[in-house]
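Listing of input_7.cif; format and content: mmCIF, C-alpha atoms.
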data_entry
loop_
_atom_site.group_PDB
_atom_site.id
_atom_site.type_symbol
_atom_site.label_atom_id
_atom_site.label_comp_id
_atom_site.auth_asym_id
_atom_site.auth_seq_id
_atom_site.Cartn_x
_atom_site.Cartn_y
_atom_site.Cartn_z
ATOM 1 C CA MET S 224 -28.338 9.915 -0.945
ATOM 2 C CA ASN S 225 -25.764 7.725 -2.669
ATOM 3 C CA SER S 226 -23.188 6.554 -0.077
ATOM 4 C CA LYS S 227 -20.262 7.618 -2.310
ATOM 5 C CA LEU S 228 -21.700 11.105 -2.822
ATOM 6 C CA LYS S 229 -22.446 11.466 0.889
ATOM 7 C CA ALA S 230 -18.872 10.485 1.850
ATOM 8 C CA ALA S 231 -17.420 12.779 -0.830
ATOM 9 C CA LEU S 232 -19.617 15.678 0.270
ATOM 10 C CA ILE S 233 -18.482 15.389 3.907
ATOM 11 C CA GLY S 234 -14.801 14.946 2.980
ATOM 12 C CA GLY S 235 -14.932 17.668 0.294
ATOM 13 C CA VAL S 236 -16.605 20.320 2.428
ATOM 14 C CA ILE S 237 -14.243 19.701 5.375
ATOM 15 C CA CYS S 238 -11.022 19.717 3.299
ATOM 16 C CA GLY S 239 -12.314 22.596 1.117
ATOM 17 C CA ILE S 240 -13.079 24.907 4.043
ATOM 18 C CA ALA S 241 -9.779 23.986 5.727
ATOM 19 C CA SER S 242 -7.859 24.624 2.451
ATOM 20 C CA GLY S 243 -9.408 28.060 1.994
ATOM 21 C CA LEU S 244 -8.809 29.291 5.523
ATOM 22 C CA PRO S 245 -5.732 31.431 6.286
ATOM 23 C CA TYR S 246 -2.943 29.540 8.154
ATOM 24 C CA VAL S 247 -4.929 26.247 8.200
ATOM 25 C CA GLY S 248 -4.791 26.181 4.379
ATOM 26 C CA ALA S 249 -0.980 26.317 4.558
ATOM 27 C CA VAL S 250 -1.076 22.640 5.605
ATOM 28 C CA ASN S 251 -1.734 21.943 1.904
ATOM 29 C CA MET S 252 1.813 23.107 1.190
ATOM 30 C CA ALA S 253 2.889 19.775 2.676
ATOM 31 C CA CYS S 254 2.091 17.898 -0.559
ATOM 32 C CA CYS S 255 -1.651 18.692 -0.561
ATOM 33 C CA ALA S 256 -2.049 17.104 2.886
ATOM 34 C CA LEU S 257 -5.562 18.503 3.454
ATOM 35 C CA TYR S 258 -6.922 17.154 0.165
ATOM 36 C CA ILE S 259 -5.207 13.792 0.700
ATOM 37 C CA GLY S 260 -6.683 13.776 4.228
ATOM 38 C CA GLY S 261 -10.121 14.624 2.780
ATOM 39 C CA GLY S 262 -9.813 11.682 0.376
ATOM 40 C CA ILE S 263 -8.785 9.333 3.203
ATOM 41 C CA LEU S 264 -11.717 10.566 5.336
ATOM 42 C CA ALA S 265 -14.164 10.015 2.460
ATOM 43 C CA ALA S 266 -12.733 6.526 1.861
ATOM 44 C CA TYR S 267 -13.139 5.732 5.572
ATOM 45 C CA LEU S 268 -16.785 6.893 5.516
ATOM 46 C CA LEU S 269 -17.380 4.741 2.430
ATOM 47 C CA MET S 270 -15.593 1.684 3.785
ATOM 48 C CA LYS S 271 -17.038 1.636 7.319
ATOM 49 C CA ASP S 272 -20.428 0.395 6.127
ATOM 50 C CA LEU S 273 -19.105 -2.026 3.511
ATOM 51 C CA PRO S 274 -18.876 -5.728 4.405
ATOM 52 C CA ALA S 275 -15.503 -7.499 4.396
ATOM 53 C CA ALA S 276 -14.520 -8.430 0.858
ATOM 54 C CA GLU S 277 -11.853 -10.455 -0.900
ATOM 55 C CA LYS S 278 -10.749 -7.542 -3.080
ATOM 56 C CA ALA S 279 -10.230 -3.972 -1.921
ATOM 57 C CA PRO S 280 -12.583 -1.692 -3.929
ATOM 58 C CA TYR S 281 -9.907 0.623 -5.326
ATOM 59 C CA GLY S 282 -12.207 1.828 -8.109
ATOM 60 C CA GLY S 283 -14.764 3.010 -5.542
ATOM 61 C CA GLY S 284 -12.008 4.681 -3.511
ATOM 62 C CA ALA S 285 -10.693 6.510 -6.576
ATOM 63 C CA VAL S 286 -14.181 7.737 -7.524
ATOM 64 C CA VAL S 287 -15.048 8.902 -4.012
ATOM 65 C CA GLY S 288 -11.633 10.628 -3.753
ATOM 66 C CA LEU S 289 -12.108 12.314 -7.129
ATOM 67 C CA LEU S 290 -15.541 13.628 -6.086
ATOM 68 C CA THR S 291 -14.081 14.799 -2.753
ATOM 69 C CA GLY S 292 -11.386 16.779 -4.600
ATOM 70 C CA LEU S 293 -13.879 18.320 -7.044
ATOM 71 C CA ILE S 294 -16.166 19.439 -4.214
ATOM 72 C CA GLY S 295 -13.189 20.487 -2.068
ATOM 73 C CA GLY S 296 -11.663 22.580 -4.878
ATOM 74 C CA VAL S 297 -14.887 24.539 -5.378
ATOM 75 C CA VAL S 298 -15.448 25.022 -1.622
ATOM 76 C CA ALA S 299 -11.784 26.074 -1.150
ATOM 77 C CA THR S 300 -12.025 28.728 -3.904
ATOM 78 C CA ILE S 301 -15.216 30.156 -2.384
ATOM 79 C CA THR S 302 -13.600 30.186 1.094
ATOM 80 C CA LEU S 303 -10.413 31.767 -0.347
ATOM 81 C CA LEU S 304 -12.495 34.495 -2.000
ATOM 82 C CA LEU S 305 -14.324 35.240 1.237
ATOM 83 C CA ALA S 306 -11.059 35.212 3.224
ATOM 84 C CA GLY S 307 -9.175 37.345 0.618
ATOM 85 C CA GLY S 308 -6.413 34.772 0.128
ATOM 86 C CA ILE S 309 -6.280 34.959 -3.686
ATOM 87 C CA THR S 310 -4.872 38.499 -3.755
ATOM 88 C CA ASP S 311 -1.835 37.824 -1.510
ATOM 89 C CA GLN S 312 -0.100 35.365 -3.857
ATOM 90 C CA ALA S 313 -1.078 37.358 -6.980
ATOM 91 C CA GLU S 314 0.733 40.422 -5.645
ATOM 92 C CA GLN S 315 3.954 38.407 -5.304
ATOM 93 C CA VAL S 316 3.664 37.202 -8.913
ATOM 94 C CA LEU S 317 2.950 40.747 -10.098
ATOM 95 C CA ASP S 318 6.061 42.049 -8.290
ATOM 96 C CA SER S 319 8.184 39.372 -9.941
ATOM 97 C CA LEU S 320 6.714 40.092 -13.408
ATOM 98 C CA ARG S 321 7.296 43.841 -12.959
ATOM 99 C CA MET S 322 10.897 43.115 -11.964
ATOM 100 C CA ALA S 323 11.332 41.029 -15.136
ATOM 101 C CA THR S 324 9.825 43.881 -17.188
ATOM 102 C CA GLY S 325 12.311 46.259 -15.551
ATOM 103 C CA GLN S 326 15.125 43.931 -16.677
ATOM 104 C CA GLY S 327 13.980 44.149 -20.305
ATOM 105 C CA ALA S 328 11.591 41.159 -20.589
ATOM 106 C CA GLU S 329 8.528 41.749 -22.759
ATOM 107 C CA ILE S 330 5.422 40.780 -20.826
ATOM 108 C CA PRO S 331 2.000 41.555 -22.339
ATOM 109 C CA GLN S 332 -0.088 44.068 -20.412
ATOM 110 C CA GLU S 333 -2.939 41.497 -20.224
ATOM 111 C CA VAL S 334 -0.748 39.181 -18.135
ATOM 112 C CA LEU S 335 0.177 42.026 -15.769
ATOM 113 C CA ASP S 336 -3.491 43.020 -15.519
ATOM 114 C CA LEU S 337 -4.424 39.419 -14.678
ATOM 115 C CA PHE S 338 -2.323 39.519 -11.515
ATOM 116 C CA ASP S 339 -3.119 43.147 -10.650
ATOM 117 C CA THR S 340 -5.414 42.868 -7.657
ATOM 118 C CA SER S 341 -5.403 46.545 -6.655
ATOM 119 C CA ARG S 342 -9.134 46.657 -7.501
ATOM 120 C CA GLY S 343 -9.819 43.138 -6.271
ATOM 121 C CA ALA S 344 -9.141 39.775 -7.921
ATOM 122 C CA SER S 345 -10.180 39.671 -11.604
ATOM 123 C CA GLY S 346 -12.661 37.104 -12.893
ATOM 124 C CA ALA S 347 -9.940 35.389 -14.930
ATOM 125 C CA LEU S 348 -7.687 35.046 -11.876
ATOM 126 C CA ILE S 349 -10.546 33.559 -9.843
ATOM 127 C CA MET S 350 -11.321 31.193 -12.745
ATOM 128 C CA ILE S 351 -7.691 30.018 -13.041
ATOM 129 C CA ASN S 352 -7.602 29.534 -9.261
ATOM 130 C CA LEU S 353 -10.840 27.550 -9.386
ATOM 131 C CA VAL S 354 -9.748 25.314 -12.285
ATOM 132 C CA PHE S 355 -6.316 24.628 -10.813
ATOM 133 C CA GLY S 356 -7.746 24.150 -7.315
ATOM 134 C CA VAL S 357 -10.272 21.632 -8.627
ATOM 135 C CA VAL S 358 -7.674 19.752 -10.720
ATOM 136 C CA THR S 359 -5.031 19.548 -7.963
ATOM 137 C CA GLY S 360 -7.704 18.792 -5.354
ATOM 138 C CA ALA S 361 -9.143 15.998 -7.483
ATOM 139 C CA ILE S 362 -5.724 14.399 -8.082
ATOM 140 C CA ALA S 363 -4.633 14.621 -4.435
ATOM 141 C CA ALA S 364 -7.975 13.498 -2.980
ATOM 142 C CA CYS S 365 -8.141 10.634 -5.514
ATOM 143 C CA ILE S 366 -4.766 9.396 -4.221
ATOM 144 C CA GLY S 367 -6.071 9.924 -0.677
ATOM 145 C CA GLY S 368 -9.148 7.822 -1.529
ATOM 146 C CA LEU S 369 -6.966 5.004 -2.876
ATOM 147 C CA VAL S 370 -4.686 5.097 0.185
ATOM 148 C CA GLY S 371 -7.797 5.185 2.412
ATOM 149 C CA VAL S 372 -9.167 2.041 0.768
ATOM 150 C CA ALA S 373 -5.764 0.365 1.221
ATOM 151 C CA ILE S 374 -5.790 1.232 4.931
ATOM 152 C CA PHE S 375 -9.451 0.630 5.850
ATOM 153 C CA HIS S 376 -10.213 -2.395 3.656
ATOM 154 C CA ARG S 377 -11.335 -5.372 5.732
ATOM 155 C CA LYS S 378 -10.251 -8.617 4.174
ATOM 156 C CA GLN S 379 -12.757 -11.456 4.071
ATOM 157 C CA ALA S 380 -11.708 -14.331 6.329
ATOM 158 C CA PRO S 381 -11.092 -17.632 4.463
ATOM 159 C CA SER S 382 -14.022 -19.301 6.282
ATOM 160 C CA ASP S 383 -16.436 -16.623 4.947
ATOM 161 C CA SER S 384 -15.775 -17.536 1.320
ATOM 162 C CA MET L 187 -1.821 -17.067 -1.099
ATOM 163 C CA ILE L 188 -1.232 -14.499 -3.816
ATOM 164 C CA ARG L 189 -4.317 -13.423 -5.677
ATOM 165 C CA THR L 190 -4.118 -12.611 -9.362
ATOM 166 C CA GLU L 191 -5.946 -9.266 -9.485
ATOM 167 C CA ALA L 192 -2.715 -7.254 -9.684
ATOM 168 C CA THR L 193 -0.770 -9.557 -11.972
ATOM 169 C CA ASP L 194 -1.791 -7.863 -15.204
ATOM 170 C CA LEU L 195 -1.401 -4.153 -14.676
ATOM 171 C CA ARG L 196 -0.634 -3.507 -18.328
ATOM 172 C CA THR L 197 -3.977 -1.929 -19.172
ATOM 173 C CA PRO L 198 -4.083 0.843 -21.789
ATOM 174 C CA TRP L 199 -5.275 3.204 -19.027
ATOM 175 C CA ARG L 200 -1.837 3.171 -17.476
ATOM 176 C CA TRP L 201 -0.568 5.273 -20.378
ATOM 177 C CA CYS L 202 -3.219 7.939 -19.639
ATOM 178 C CA LEU L 203 -2.044 7.953 -16.017
ATOM 179 C CA PHE L 204 1.586 8.087 -17.137
ATOM 180 C CA LEU L 205 0.858 10.980 -19.519
ATOM 181 C CA GLY L 206 -1.036 12.906 -16.830
ATOM 182 C CA CYS L 207 1.629 12.574 -14.146
ATOM 183 C CA THR L 208 4.424 13.280 -16.641
ATOM 184 C CA CYS L 209 2.673 16.548 -17.580
ATOM 185 C CA TRP L 210 2.479 17.393 -13.871
ATOM 186 C CA LEU L 211 6.192 16.608 -13.463
ATOM 187 C CA ALA L 212 6.957 18.770 -16.513
ATOM 188 C CA LEU L 213 5.183 21.650 -14.781
ATOM 189 C CA VAL L 214 7.511 21.204 -11.783
ATOM 190 C CA PHE L 215 10.582 21.393 -14.054
ATOM 191 C CA ALA L 216 9.152 24.198 -16.229
ATOM 192 C CA PRO L 217 10.165 27.441 -14.398
ATOM 193 C CA PRO L 218 13.833 27.456 -15.527
ATOM 194 C CA PHE L 219 12.682 27.063 -19.135
ATOM 195 C CA ALA L 220 9.674 29.395 -18.953
ATOM 196 C CA ALA L 221 11.413 32.716 -18.219
ATOM 197 C CA PRO L 222 10.079 35.346 -17.667
ATOM 198 C CA TYR L 223 6.906 33.405 -16.765
ATOM 199 C CA GLY L 224 8.638 31.087 -14.288
ATOM 200 C CA GLU L 225 6.935 32.870 -11.408
ATOM 201 C CA VAL L 226 3.527 32.309 -13.040
ATOM 202 C CA VAL L 227 4.221 28.553 -13.249
ATOM 203 C CA ARG L 228 5.338 28.580 -9.614
ATOM 204 C CA TRP L 229 2.121 30.425 -8.715
ATOM 205 C CA LEU L 230 0.083 27.617 -10.302
ATOM 206 C CA LEU L 231 1.679 25.137 -7.884
ATOM 207 C CA HIS L 232 1.823 27.416 -4.844
ATOM 208 C CA THR L 233 -1.154 25.734 -3.216
ATOM 209 C CA VAL L 234 0.460 22.278 -3.248
ATOM 210 C CA CYS L 235 4.001 23.108 -2.105
ATOM 211 C CA HIS L 236 5.764 25.720 0.023
ATOM 212 C CA GLN L 237 8.328 26.213 -2.816
ATOM 213 C CA ILE L 238 11.007 27.593 -0.471
ATOM 214 C CA PRO L 239 14.017 28.101 -2.814
ATOM 215 C CA SER L 240 16.545 26.840 -0.238
ATOM 216 C CA ARG L 241 14.561 23.588 -0.002
ATOM 217 C CA SER L 242 14.113 23.126 -3.771
ATOM 218 C CA PHE L 243 16.347 21.785 -6.531
ATOM 219 C CA HIS L 244 17.802 24.400 -8.864
ATOM 220 C CA LEU L 245 18.227 24.133 -12.615
ATOM 221 C CA PHE L 246 20.267 26.811 -14.446
ATOM 222 C CA GLY L 247 20.215 28.804 -11.205
ATOM 223 C CA GLU L 248 16.389 28.822 -11.049
ATOM 224 C CA PRO L 249 14.467 26.912 -8.358
ATOM 225 C CA LEU L 250 11.984 24.275 -9.549
ATOM 226 C CA ALA L 251 8.262 24.754 -8.813
ATOM 227 C CA ALA L 252 8.259 22.137 -6.012
ATOM 228 C CA CYS L 253 10.488 21.353 -3.025
ATOM 229 C CA HIS L 254 12.893 18.400 -2.751
ATOM 230 C CA ARG L 255 10.274 16.229 -1.028
ATOM 231 C CA CYS L 256 7.442 16.973 -3.480
ATOM 232 C CA THR L 257 9.801 16.466 -6.450
ATOM 233 C CA GLY L 258 10.711 13.076 -4.939
ATOM 234 C CA LEU L 259 7.013 12.213 -4.561
ATOM 235 C CA TYR L 260 6.208 13.114 -8.176
ATOM 236 C CA VAL L 261 9.262 11.329 -9.599
ATOM 237 C CA GLY L 262 8.501 8.267 -7.426
ATOM 238 C CA PHE L 263 4.926 8.168 -8.690
ATOM 239 C CA VAL L 264 5.944 8.417 -12.368
ATOM 240 C CA VAL L 265 8.614 5.717 -11.889
ATOM 241 C CA GLY L 266 6.034 3.565 -10.070
ATOM 242 C CA VAL L 267 3.494 3.851 -12.896
ATOM 243 C CA LEU L 268 6.193 2.758 -15.353
ATOM 244 C CA VAL L 269 7.789 -0.010 -13.268
ATOM 245 C CA TRP L 270 4.889 -1.757 -11.397
ATOM 246 C CA PRO L 271 3.482 -3.515 -14.503
ATOM 247 C CA TRP L 272 6.882 -5.226 -14.858
ATOM 248 C CA LEU L 273 6.893 -6.470 -11.254
ATOM 249 C CA PRO L 274 3.714 -8.627 -11.257
ATOM 250 C CA LYS L 275 4.601 -10.890 -8.304
ATOM 251 C CA LEU L 276 5.606 -8.022 -6.041
ATOM 252 C CA ALA L 277 2.566 -6.033 -7.193
ATOM 253 C CA ALA L 278 0.232 -8.943 -6.397
ATOM 254 C CA ARG L 279 1.819 -9.337 -2.974
ATOM 255 C CA LEU L 280 1.411 -5.634 -2.167
ATOM 256 C CA ALA L 281 -2.128 -5.481 -3.582
ATOM 257 C CA ASP L 282 -2.972 -8.454 -1.378
ATOM 258 C CA ASN L 283 -1.656 -6.624 1.710
ATOM 259 C CA PRO L 284 -2.490 -3.005 0.838
ATOM 260 C CA ARG L 285 -1.807 -1.724 4.364
ATOM 261 C CA TRP L 286 1.891 -2.169 3.592
ATOM 262 C CA VAL L 287 1.572 0.930 1.407
ATOM 263 C CA ALA L 288 1.199 2.937 4.622
ATOM 264 C CA ALA L 289 4.470 1.445 5.919
ATOM 265 C CA PHE L 290 6.318 3.129 3.047
ATOM 266 C CA LEU L 291 5.084 6.488 4.386
ATOM 267 C CA VAL L 292 6.991 5.992 7.663
ATOM 268 C CA PRO L 293 10.429 7.149 6.322
ATOM 269 C CA ILE L 294 8.970 10.413 4.963
ATOM 270 C CA ALA L 295 7.215 11.032 8.294
ATOM 271 C CA ILE L 296 10.440 10.430 10.223
ATOM 272 C CA ASP L 297 12.429 12.623 7.818
ATOM 273 C CA TRP L 298 9.808 15.380 8.154
ATOM 274 C CA ALA L 299 9.836 15.125 11.955
ATOM 275 C CA ILE L 300 13.606 15.258 12.448
ATOM 276 C CA VAL L 301 15.136 18.718 12.381
ATOM 277 C CA VAL L 302 18.333 17.817 10.508
ATOM 278 C CA ASN L 303 17.458 16.423 7.099
ATOM 279 C CA THR L 304 19.197 16.869 3.777
ATOM 280 C CA PRO L 305 18.003 17.473 0.186
ATOM 281 C CA ALA L 306 18.950 13.860 -0.597
ATOM 282 C CA SER L 307 16.971 12.461 2.366
ATOM 283 C CA ARG L 308 13.931 14.606 1.528
ATOM 284 C CA PHE L 309 14.019 13.543 -2.134
ATOM 285 C CA ALA L 310 14.701 9.863 -1.367
ATOM 286 C CA THR L 311 11.960 9.516 1.272
ATOM 287 C CA GLY L 312 9.490 11.208 -1.120
ATOM 288 C CA LEU L 313 10.473 8.727 -3.816
ATOM 289 C CA VAL L 314 10.036 5.755 -1.450
ATOM 290 C CA ALA L 315 6.629 7.022 -0.264
ATOM 291 C CA ALA L 316 5.145 7.582 -3.731
ATOM 292 C CA PHE L 317 6.472 4.487 -5.501
ATOM 293 C CA PRO L 318 4.046 1.971 -3.860
ATOM 294 C CA VAL L 319 1.143 4.460 -4.015
ATOM 295 C CA ALA L 320 1.436 4.377 -7.832
ATOM 296 C CA LEU L 321 0.366 0.731 -7.672
ATOM 297 C CA LEU L 322 -3.097 1.595 -6.299
ATOM 298 C CA PRO L 323 -4.498 3.439 -9.379
ATOM 299 C CA LEU L 324 -3.004 0.711 -11.600
ATOM 300 C CA VAL L 325 -4.869 -1.953 -9.594
ATOM 301 C CA ALA L 326 -8.035 0.192 -9.797
ATOM 302 C CA PHE L 327 -7.691 0.312 -13.601
ATOM 303 C CA THR L 328 -7.136 -3.453 -13.729
ATOM 304 C CA GLN L 329 -10.220 -4.093 -11.552
ATOM 305 C CA ARG L 330 -12.265 -1.768 -13.784
ATOM 306 C CA THR L 331 -11.022 -3.442 -16.990
ATOM 307 C CA ASN L 332 -11.711 -6.921 -15.538
ATOM 308 C CA SER L 333 -15.254 -5.961 -14.454
ATOM 309 C CA ILE L 334 -16.022 -4.533 -17.933
ATOM 310 C CA GLN L 335 -14.723 -7.736 -19.561
ATOM 311 C CA THR L 336 -16.763 -9.875 -17.126
ATOM 312 C CA ARG L 337 -19.949 -7.933 -17.968
ATOM 313 C CA LYS L 338 -19.302 -8.504 -21.691
#

Just dump the structure as structure tokens.
Amino acid sequence: MNSKLKAALIGGVICGIASGLPYVGAVNMACCALYIGGGILAAYLLMKDLPAAEKAPYGGGAVVGLLTGLIGGVVATITLLLAGGITDQAEQVLDSLRMATGQGAEIPQEVLDLFDTSRGASGALIMINLVFGVVTGAIAACIGGLVGVAIFHRKQAPSDS
Amino acid sequence: MIRTEATDLRTPWRWCLFLGCTCWLALVFAPPFAAPYGEVVRWLLHTVCHQIPSRSFHLFGEPLAACHRCTGLYVGFVVGVLVWPWLPKLAARLADNPRWVAAFLVPIAIDWAIVVNTPASRFATGLVAAFPVALLPLVAFTQRTNSIQTRK
């Protein structure tokens, strides 16, 4: 397996499962810390086998971080679905929308139905969660990958060149 | 010795990055303008920030979709993307010693660890932490552009 894909798979699965779990997933509320951590982990796994180089491979770090976030976002949504985490936040939004409707705001029934999880999370809600999870995960893990390269890059000694 | 890899960060890709992170920042500032869907916008960002109203900036009496610290991080990143290409010597120095980026994360860690912090300290430490991080994708774009040009 490609070393980038292998690193991204390990980082993505770990940060994805952690993000989808109740309580542990709340760590992400600290600026996507789990995804950033996943990106840093993937960058470390990529960098540990690379020889010392003059330039830090930021491009490689960004790609491995991006892949980590994409994998992590999908894994997190699946874990969230299994753990029932999607419905909790949707109920809060629905309460707020109903309150706005009570105050005279016109909110289409389709929007209210989207967040109505009384019969389980709708397909559209799961889809929005998946897309946004993947996008935010990819951005955060990409930054994590870049920071990871910055931290773990071994500079080539002058005598090596 | 300062290497030259980070001296020309003015690649066209930086505008894509700027556009992307400005859109993200717009989402943070959107709830006060998106009534009655402000809560829906906040829901979109609920996985990346705790969004506690007492720890968020307010606009027209409505809390933003991210806390003081996250708002500082996003603003710092956008400012970094805009400013780094105009600081080539400093950028080259930091790109040459990339571990220094981690040093800029120390203030935010200290501010997070101490019990008594203020909205200003949370915002400022977020800004300081994200500003140097914005250099890394710019250097990645420069490396990519240089390698494409070399192959040609």

Checklist entry - For the atom pair atom CA of L:Thr257 and atom CA of S:Leu303, what is the interatomic distance in Å to one decimal place? => result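 Between atom CA of L:Thr257 and atom CA of S:Leu303 the gap works out to 26.1 Å.
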
Next on the checklist: Give me, as a VMD selection string, all polymer residues having an atom no more than 9 Å from S:Gly283, counting all atoms listed in the file and skipping those fewer than 6 positions away in the same chain.
Outcome noted: (chain S and resid 227 266 269 368 to 369 372) or (chain L and resid 326)

Would you export the selected residues with C-alpha atoms as a compact mmCIF listing (two decimals), in the frame of the given file, please?
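Listing of again.txt after writing:
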# COMPACT_ATOMS: atom_id res chain seq x y z
CA LYS S 227 -20.26 7.62 -2.31
CA ALA S 266 -12.73 6.53 1.86
CA LEU S 269 -17.38 4.74 2.43
CA GLY S 368 -9.15 7.82 -1.53
CA LEU S 369 -6.97 5.00 -2.88
CA VAL S 372 -9.17 2.04 0.77
CA ALA L 326 -8.04 0.19 -9.80

Given only C-alpha atoms, how would the per-residue table for chain S near chain L read, listing every residue at most 6 Å away with its closest atom pair and distance in Å to one decimal, sorted by chain and number, as CSV?
residue,atom,partner,partner_atom,distance
S:Asn251,CA,L:Val234,CA,5.6
S:Met252,CA,L:Cys235,CA,4.0
S:Ala253,CA,L:Cys235,CA,5.9
S:Cys254,CA,L:Val234,CA,5.4
S:Cys255,CA,L:Val234,CA,5.0
S:Tyr281,CA,L:Ala326,CA,4.9
S:Gly282,CA,L:Ala326,CA,4.8
S:Val316,CA,L:Glu225,CA,6.0
S:Ala373,CA,L:Pro284,CA,4.7
S:Ile374,CA,L:Arg285,CA,5.0

Go ahead and dump the residues you just picked, C-alpha atoms, as a PDB file, in the frame of the given file.
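The result, stored in part.pdb:
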ATOM      1  CA  ASN S 251      -1.734  21.943   1.904  1.00  0.00           C
ATOM      2  CA  MET S 252       1.813  23.107   1.190  1.00  0.00           C
ATOM      3  CA  ALA S 253       2.889  19.775   2.676  1.00  0.00           C
ATOM      4  CA  CYS S 254       2.091  17.898  -0.559  1.00  0.00           C
ATOM      5  CA  CYS S 255      -1.651  18.692  -0.561  1.00  0.00           C
ATOM      6  CA  TYR S 281      -9.907   0.623  -5.326  1.00  0.00           C
ATOM      7  CA  GLY S 282     -12.207   1.828  -8.109  1.00  0.00           C
ATOM      8  CA  VAL S 316       3.664  37.202  -8.913  1.00  0.00           C
ATOM      9  CA  ALA S 373      -5.764   0.365   1.221  1.00  0.00           C
ATOM     10  CA  ILE S 374      -5.790   1.232   4.931  1.00  0.00           C
TER      11      ILE S 374
END

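Residues surrounding S:Asp311 within 12 Å are Pro245, Leu303, Leu304, Ala306, Gly307, Gly308, Glu314, Gln315, Val316, Leu317, Asp318, Phe338, Asp339, Thr340, Ser341, Gly343 and Ala344 of chain S; Trp229 and His232 of chain L [only C-alpha atoms; sequence separation below 3 positions excluded].
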
Checklist entry - Between atom CA of L:Pro305 and atom CA of L:Gly258, what is the distance, to one decimal in Å? => result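 Rounded to one decimal, the two atoms are 9.9 Å apart.
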
Item to check | Answer as a ChimeraX atom specification, residues within 7 Å of (14.9, 26.0, -5.1) using all atoms listed in the file | outcome: /L:237-244,248-250,253

Next on the checklist: Which residues would end up in the selection if the PyMOL selection byres ((chain L and resi 197) around 8) were applied here, given that I need the answer as a ChimeraX atom specification?
Outcome noted: /L:194-196,198-200,327-328,331
